[in-house]
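Next comes final-v4.cif, a file with mmCIF, C-alpha atoms.
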```
data_input
#
loop_
_atom_site.group_PDB
_atom_site.id
_atom_site.type_symbol
_atom_site.label_atom_id
_atom_site.label_comp_id
_atom_site.auth_asym_id
_atom_site.auth_seq_id
_atom_site.Cartn_x
_atom_site.Cartn_y
_atom_site.Cartn_z
ATOM 1 C CA MET S 1 59.496 -0.397 -32.845
ATOM 2 C CA LYS S 2 56.393 -0.652 -30.696
ATOM 3 C CA GLN S 3 53.069 -1.377 -32.392
ATOM 4 C CA LYS S 4 50.075 0.937 -31.633
ATOM 5 C CA GLU S 5 47.198 -0.655 -29.811
ATOM 6 C CA ALA S 6 43.813 -0.263 -31.497
ATOM 7 C CA PHE S 7 40.537 -2.064 -32.050
ATOM 8 C CA THR S 8 40.264 -4.129 -35.166
ATOM 9 C CA LEU S 9 37.435 -3.696 -37.625
ATOM 10 C CA VAL S 10 36.020 -7.087 -36.585
ATOM 11 C CA GLU S 11 35.898 -6.075 -32.919
ATOM 12 C CA ILE S 12 34.153 -2.783 -33.723
ATOM 13 C CA THR S 13 31.642 -4.582 -35.959
ATOM 14 C CA ILE S 14 30.819 -7.068 -33.189
ATOM 15 C CA VAL S 15 30.292 -4.281 -30.630
ATOM 16 C CA VAL S 16 28.045 -2.326 -33.018
ATOM 17 C CA ALA S 17 26.010 -5.462 -33.758
ATOM 18 C CA ILE S 18 25.543 -6.192 -30.039
ATOM 19 C CA VAL S 19 24.495 -2.592 -29.301
ATOM 20 C CA GLY S 20 22.048 -2.699 -32.234
ATOM 21 C CA LEU S 21 20.566 -5.985 -31.013
ATOM 22 C CA LEU S 22 20.102 -4.616 -27.488
ATOM 23 C CA GLY S 23 18.453 -1.490 -28.921
ATOM 24 C CA ALA S 24 16.058 -3.571 -31.018
ATOM 25 C CA LEU S 25 15.107 -5.669 -27.975
ATOM 26 C CA ALA S 26 14.478 -2.501 -25.953
ATOM 27 C CA VAL S 27 12.178 -1.100 -28.650
ATOM 28 C CA LEU S 28 10.240 -4.386 -28.847
ATOM 29 C CA ASN S 29 9.788 -4.463 -25.074
ATOM 30 C CA MET S 30 8.631 -0.830 -25.030
ATOM 31 C CA THR S 31 6.117 -1.537 -27.799
ATOM 32 C CA LYS S 32 4.760 -4.541 -25.906
ATOM 33 C CA ALA S 33 4.569 -2.536 -22.664
ATOM 34 C CA ARG S 34 2.695 0.271 -24.453
ATOM 35 C CA ARG S 35 0.186 -2.230 -25.896
ATOM 36 C CA THR S 36 -0.327 -3.865 -22.500
ATOM 37 C CA SER S 37 -0.803 -0.460 -20.877
ATOM 38 C CA ARG S 38 -3.378 0.602 -23.471
ATOM 39 C CA ASP S 39 -5.247 -2.703 -23.121
ATOM 40 C CA LYS S 40 -5.399 -2.318 -19.318
ATOM 41 C CA THR S 41 -6.519 1.309 -19.618
ATOM 42 C CA ALA S 42 -9.321 0.288 -21.997
ATOM 43 C CA ILE S 43 -10.438 -2.537 -19.684
ATOM 44 C CA THR S 44 -10.517 -0.217 -16.665
ATOM 45 C CA GLU S 45 -12.474 2.460 -18.533
ATOM 46 C CA LEU S 46 -14.900 -0.151 -19.908
ATOM 47 C CA GLU S 47 -15.536 -1.535 -16.433
ATOM 48 C CA LEU S 48 -16.289 1.973 -15.112
ATOM 49 C CA LEU S 49 -18.474 2.730 -18.131
ATOM 50 C CA SER S 50 -20.380 -0.546 -17.715
ATOM 51 C CA THR S 51 -21.014 0.290 -14.053
ATOM 52 C CA GLY S 52 -22.456 3.638 -15.135
ATOM 53 C CA ILE S 53 -24.630 1.987 -17.784
ATOM 54 C CA LEU S 54 -26.001 -0.545 -15.292
ATOM 55 C CA GLN S 55 -26.692 2.188 -12.732
ATOM 56 C CA LEU S 56 -28.542 4.244 -15.383
ATOM 57 C CA ALA S 57 -30.582 1.154 -16.322
ATOM 58 C CA TRP S 58 -31.415 0.395 -12.685
ATOM 59 C CA ASP S 59 -32.477 3.989 -11.984
ATOM 60 C CA THR S 60 -34.421 4.691 -15.178
ATOM 61 C CA GLY S 61 -35.317 1.326 -16.687
ATOM 62 C CA ARG S 62 -33.548 2.337 -19.914
ATOM 63 C CA TRP S 63 -30.262 1.679 -21.624
ATOM 64 C CA PRO S 64 -28.398 4.807 -22.712
ATOM 65 C CA ASN S 65 -30.024 6.514 -25.725
ATOM 66 C CA MET S 66 -32.720 3.848 -26.115
ATOM 67 C CA ALA S 67 -35.851 2.363 -24.603
ATOM 68 C CA TRP S 68 -35.567 -0.699 -22.413
ATOM 69 C CA ARG S 69 -35.474 -3.785 -24.644
ATOM 70 C CA ASP S 70 -38.864 -5.291 -23.740
ATOM 71 C CA GLU S 71 -40.150 -8.344 -25.546
ATOM 72 C CA GLY S 72 -41.093 -7.259 -29.070
ATOM 73 C CA ALA S 73 -39.499 -3.814 -28.757
ATOM 74 C CA SER S 74 -38.077 -2.419 -31.946
ATOM 75 C CA GLY S 75 -35.360 0.100 -32.678
ATOM 76 C CA VAL S 76 -31.632 0.478 -32.742
ATOM 77 C CA ASN S 77 -29.801 -1.577 -30.153
ATOM 78 C CA GLU S 78 -26.273 -0.216 -30.593
ATOM 79 C CA ILE S 79 -24.626 2.993 -29.478
ATOM 80 C CA TRP S 80 -21.530 4.034 -31.388
ATOM 81 C CA SER S 81 -20.960 7.232 -29.370
ATOM 82 C CA PHE S 82 -21.916 7.889 -25.752
ATOM 83 C CA ILE S 83 -21.971 11.674 -26.131
ATOM 84 C CA GLY S 84 -25.500 12.784 -25.232
ATOM 85 C CA SER S 85 -26.410 9.282 -24.083
ATOM 86 C CA GLY S 86 -27.741 10.168 -20.646
ATOM 87 C CA LEU S 87 -24.669 9.004 -18.769
ATOM 88 C CA GLU S 88 -22.817 12.319 -18.615
ATOM 89 C CA LYS S 89 -25.608 14.877 -18.262
ATOM 90 C CA ASN S 90 -25.512 17.007 -15.157
ATOM 91 C CA THR S 91 -29.308 17.172 -14.948
ATOM 92 C CA THR S 92 -32.031 15.097 -16.479
ATOM 93 C CA ASP S 93 -33.943 16.536 -19.420
ATOM 94 C CA GLY S 94 -37.075 14.556 -18.575
ATOM 95 C CA ILE S 95 -36.298 11.726 -21.010
ATOM 96 C CA TYR S 96 -34.895 9.558 -18.237
ATOM 97 C CA GLU S 97 -37.459 9.348 -15.466
ATOM 98 C CA GLY S 98 -35.660 8.425 -12.250
ATOM 99 C CA TRP S 99 -32.296 9.765 -13.521
ATOM 100 C CA GLU S 100 -29.840 10.441 -10.691
ATOM 101 C CA GLY S 101 -26.544 10.846 -12.592
ATOM 102 C CA PRO S 102 -24.122 11.689 -13.898
ATOM 103 C CA TYR S 103 -23.233 8.021 -14.081
ATOM 104 C CA TYR S 104 -19.893 8.241 -15.832
ATOM 105 C CA GLU S 105 -17.442 11.115 -16.111
ATOM 106 C CA GLY S 106 -14.485 9.375 -17.758
ATOM 107 C CA SER S 107 -13.342 9.080 -21.342
ATOM 108 C CA TYR S 108 -15.732 8.005 -24.090
ATOM 109 C CA THR S 109 -12.857 7.101 -26.422
ATOM 110 C CA ASP S 110 -10.420 4.234 -26.089
ATOM 111 C CA PRO S 111 -6.627 4.651 -25.879
ATOM 112 C CA TRP S 112 -6.443 4.341 -29.690
ATOM 113 C CA GLY S 113 -8.826 7.269 -30.217
ATOM 114 C CA ASN S 114 -11.902 5.226 -31.183
ATOM 115 C CA PRO S 115 -15.257 5.669 -29.409
ATOM 116 C CA TYR S 116 -16.414 2.995 -26.989
ATOM 117 C CA PHE S 117 -19.606 1.201 -28.025
ATOM 118 C CA PHE S 118 -22.637 -0.457 -26.434
ATOM 119 C CA ASP S 119 -24.564 -3.326 -27.999
ATOM 120 C CA SER S 120 -27.513 -5.037 -26.342
ATOM 121 C CA ASP S 121 -27.429 -8.037 -28.701
ATOM 122 C CA TYR S 122 -23.748 -8.514 -29.468
ATOM 123 C CA ARG S 123 -22.865 -11.709 -31.341
ATOM 124 C CA TYR S 124 -20.269 -13.643 -29.338
ATOM 125 C CA GLU S 125 -19.314 -17.292 -29.679
ATOM 126 C CA GLY S 126 -22.484 -18.130 -31.567
ATOM 127 C CA ARG S 127 -24.816 -16.215 -29.249
ATOM 128 C CA ASN S 128 -26.570 -13.057 -30.445
ATOM 129 C CA ASP S 129 -27.926 -11.874 -27.145
ATOM 130 C CA ARG S 130 -24.909 -10.685 -25.153
ATOM 131 C CA ILE S 131 -25.049 -7.186 -23.664
ATOM 132 C CA VAL S 132 -21.627 -5.597 -23.998
ATOM 133 C CA VAL S 133 -19.742 -2.353 -23.762
ATOM 134 C CA GLY S 134 -16.537 -2.481 -25.734
ATOM 135 C CA SER S 135 -13.625 -1.091 -27.676
ATOM 136 C CA PHE S 136 -12.782 -1.937 -31.271
ATOM 137 C CA GLY S 137 -9.172 -2.351 -30.128
ATOM 138 C CA PRO S 138 -5.964 -1.200 -31.801
ATOM 139 C CA ASN S 139 -7.159 -1.795 -35.354
ATOM 140 C CA GLY S 140 -10.299 0.313 -34.833
ATOM 141 C CA VAL S 141 -12.408 -2.002 -36.992
ATOM 142 C CA GLY S 142 -15.942 -2.227 -35.700
ATOM 143 C CA ARG S 143 -19.641 -1.560 -36.151
ATOM 144 C CA ASN S 144 -20.785 -5.159 -36.311
ATOM 145 C CA ILE S 145 -17.408 -6.479 -37.455
ATOM 146 C CA TYR S 146 -16.304 -8.822 -34.721
ATOM 147 C CA ASP S 147 -12.569 -9.495 -34.623
ATOM 148 C CA GLU S 148 -10.040 -10.817 -32.170
ATOM 149 C CA ASP S 149 -8.640 -7.499 -30.947
ATOM 150 C CA ASN S 150 -11.976 -6.157 -29.635
ATOM 151 C CA ILE S 151 -11.964 -5.551 -25.885
ATOM 152 C CA LEU S 152 -15.306 -6.362 -24.282
ATOM 153 C CA VAL S 153 -16.997 -6.180 -20.898
ATOM 154 C CA PHE S 154 -20.182 -8.243 -20.650
ATOM 155 C CA LEU S 155 -23.037 -6.700 -18.673
ATOM 156 C CA ASP S 156 -25.096 -9.884 -18.627
ATOM 157 C CA ASP S 157 -22.688 -12.163 -16.751
#
```
Here is a file; write its structure as structure tokens.
Amino acid sequence: MKQKEAFTLVEITIVVAIVGLLGALAVLNMTKARRTSRDKTAITELELLSTGILQLAWDTGRWPNMAWRDEGASGVNEIWSFIGSGLEKNTTDGIYEGWEGPYYEGSYTDPWGNPYFFDSDYRYEGRNDRIVVGSFGPNGVGRNIYDEDNILVFLDD
């Protein structure tokens, strides 16, 4: 009598384990690629936004939504939303003398859905006077909470 050929339970278990391992590795690589892509998108948008901010400052002598930070000037030195900031307007409303924008027409939110921010005295590595435009990163924690996943572009370098 001839015996039927078939896979044993051990062979099937090994194949399923290998396929599962390959699937898990693929998911991990896709997650890493997505994170890298979002980081690069945020950096590119921040660089374009910082160029617009610098151009607005050069043309008008003002940061977005605030007076130029002269010696002894007082007031808020952070922007938590760029909407209505002077960068995106199609015409000046008289607030920005010398305005020749729009200076930036891209996204004002990062790839994680959080608004980009501007801070003219950002605390970084013990210094309180850095001018930055940034993203709070994947965790979205911000507003004067400085953590390691923030993505920053320095305007004063």
Name the residues captured by the PyMOL selection byres ((chain S and resi 55) around 10) when it is applied to the shown file; answer as a compact mmCIF listing (two decimals) with C-alpha atoms, in the frame of the given file.
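Done, and the output landed in expr11.txt:
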```txt
# COMPACT_ATOMS: atom_id res chain seq x y z
CA LEU S 49 -18.47 2.73 -18.13
CA SER S 50 -20.38 -0.55 -17.72
CA THR S 51 -21.01 0.29 -14.05
CA GLY S 52 -22.46 3.64 -15.14
CA ILE S 53 -24.63 1.99 -17.78
CA LEU S 54 -26.00 -0.55 -15.29
CA LEU S 56 -28.54 4.24 -15.38
CA ALA S 57 -30.58 1.15 -16.32
CA TRP S 58 -31.42 0.40 -12.68
CA ASP S 59 -32.48 3.99 -11.98
CA THR S 60 -34.42 4.69 -15.18
CA GLY S 61 -35.32 1.33 -16.69
CA ARG S 62 -33.55 2.34 -19.91
CA TRP S 63 -30.26 1.68 -21.62
CA LEU S 87 -24.67 9.00 -18.77
CA TRP S 99 -32.30 9.76 -13.52
CA GLU S 100 -29.84 10.44 -10.69
CA GLY S 101 -26.54 10.85 -12.59
CA PRO S 102 -24.12 11.69 -13.90
CA TYR S 103 -23.23 8.02 -14.08
CA TYR S 104 -19.89 8.24 -15.83
```
Legend entry - Nearest to Trp80 of chain S by atom-to-atom distance, counting only C-alpha atoms, from S:Tyr116, S:Tyr124, S:Phe7, S:Phe136: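 Using only C-alpha atoms, the shortest distance to Trp80 of chain S belongs to S:Tyr116.
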Legend entry - Å distance separating atom CA of Glu47 of chain S from atom CA of Glu148 of chain S, one decimal place: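 So the answer is 19.1 Å.
One distance worth recording is that between atom CA of Ile14 of chain S and atom CA of Thr31 of chain S, which is 25.9 Å.
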Inset, instruction - Can you work out which one of S:Gly98, S:Ile43, S:Glu78, S:Gln3 has the shortest atom-to-atom distance to Asn150 of chain S, counting all atoms listed in the file? - result: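 The shortest atom-to-atom distance to Asn150 of chain S comes from S:Ile43.
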Answer key for the PyMOL selection byres ((chain S and resi 38) around 12), residues as a short mmCIF file (atom, residue, chain, number, x, y, z; two decimals) with C-alpha atoms, keeping the file's coordinate frame:
```
data_model
loop_
_atom_site.label_atom_id
_atom_site.label_comp_id
_atom_site.auth_asym_id
_atom_site.auth_seq_id
_atom_site.Cartn_x
_atom_site.Cartn_y
_atom_site.Cartn_z
CA THR S 31 6.12 -1.54 -27.80
CA LYS S 32 4.76 -4.54 -25.91
CA ALA S 33 4.57 -2.54 -22.66
CA ARG S 34 2.70 0.27 -24.45
CA ARG S 35 0.19 -2.23 -25.90
CA THR S 36 -0.33 -3.86 -22.50
CA SER S 37 -0.80 -0.46 -20.88
CA ASP S 39 -5.25 -2.70 -23.12
CA LYS S 40 -5.40 -2.32 -19.32
CA THR S 41 -6.52 1.31 -19.62
CA ALA S 42 -9.32 0.29 -22.00
CA ILE S 43 -10.44 -2.54 -19.68
CA THR S 44 -10.52 -0.22 -16.66
CA GLU S 45 -12.47 2.46 -18.53
CA THR S 109 -12.86 7.10 -26.42
CA ASP S 110 -10.42 4.23 -26.09
CA PRO S 111 -6.63 4.65 -25.88
CA TRP S 112 -6.44 4.34 -29.69
CA GLY S 113 -8.83 7.27 -30.22
CA SER S 135 -13.62 -1.09 -27.68
CA GLY S 137 -9.17 -2.35 -30.13
CA PRO S 138 -5.96 -1.20 -31.80
CA ILE S 151 -11.96 -5.55 -25.88
#
```
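Taking atom CA of Ile79 of chain S and atom CA of Phe117 of chain S as the two end points, the separation is 5.5 Å.
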Need the axis-aligned box for segment 38-42 of chain S with 3 Å each side, so what are the centre and edges in Å to one decimal, as JSON?
```
{"center_x": -6.3, "center_y": -0.7, "center_z": -21.4, "size_x": 11.9, "size_y": 10.0, "size_z": 10.2}
```
Inset, instruction - Apply the PyMOL selection byres ((chain S and resi 130) around 7) to the structure shown and report the selected residues as a PyMOL selection string. - result: chain S and resi 120-124+127-129+131-132+154+156
Legend entry - Residue nearest Leu152 of chain S among S:Glu105, S:Leu46, S:Tyr96, S:Gly20 (counting only C-alpha atoms): S:Leu46
Legend entry - Proximity to Val133 of chain S - best of S:Ala6, S:Thr13, S:Gly23, S:Val153, all atoms listed in the file: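 Result for the nearest residue to Val133 of chain S: S:Val153.
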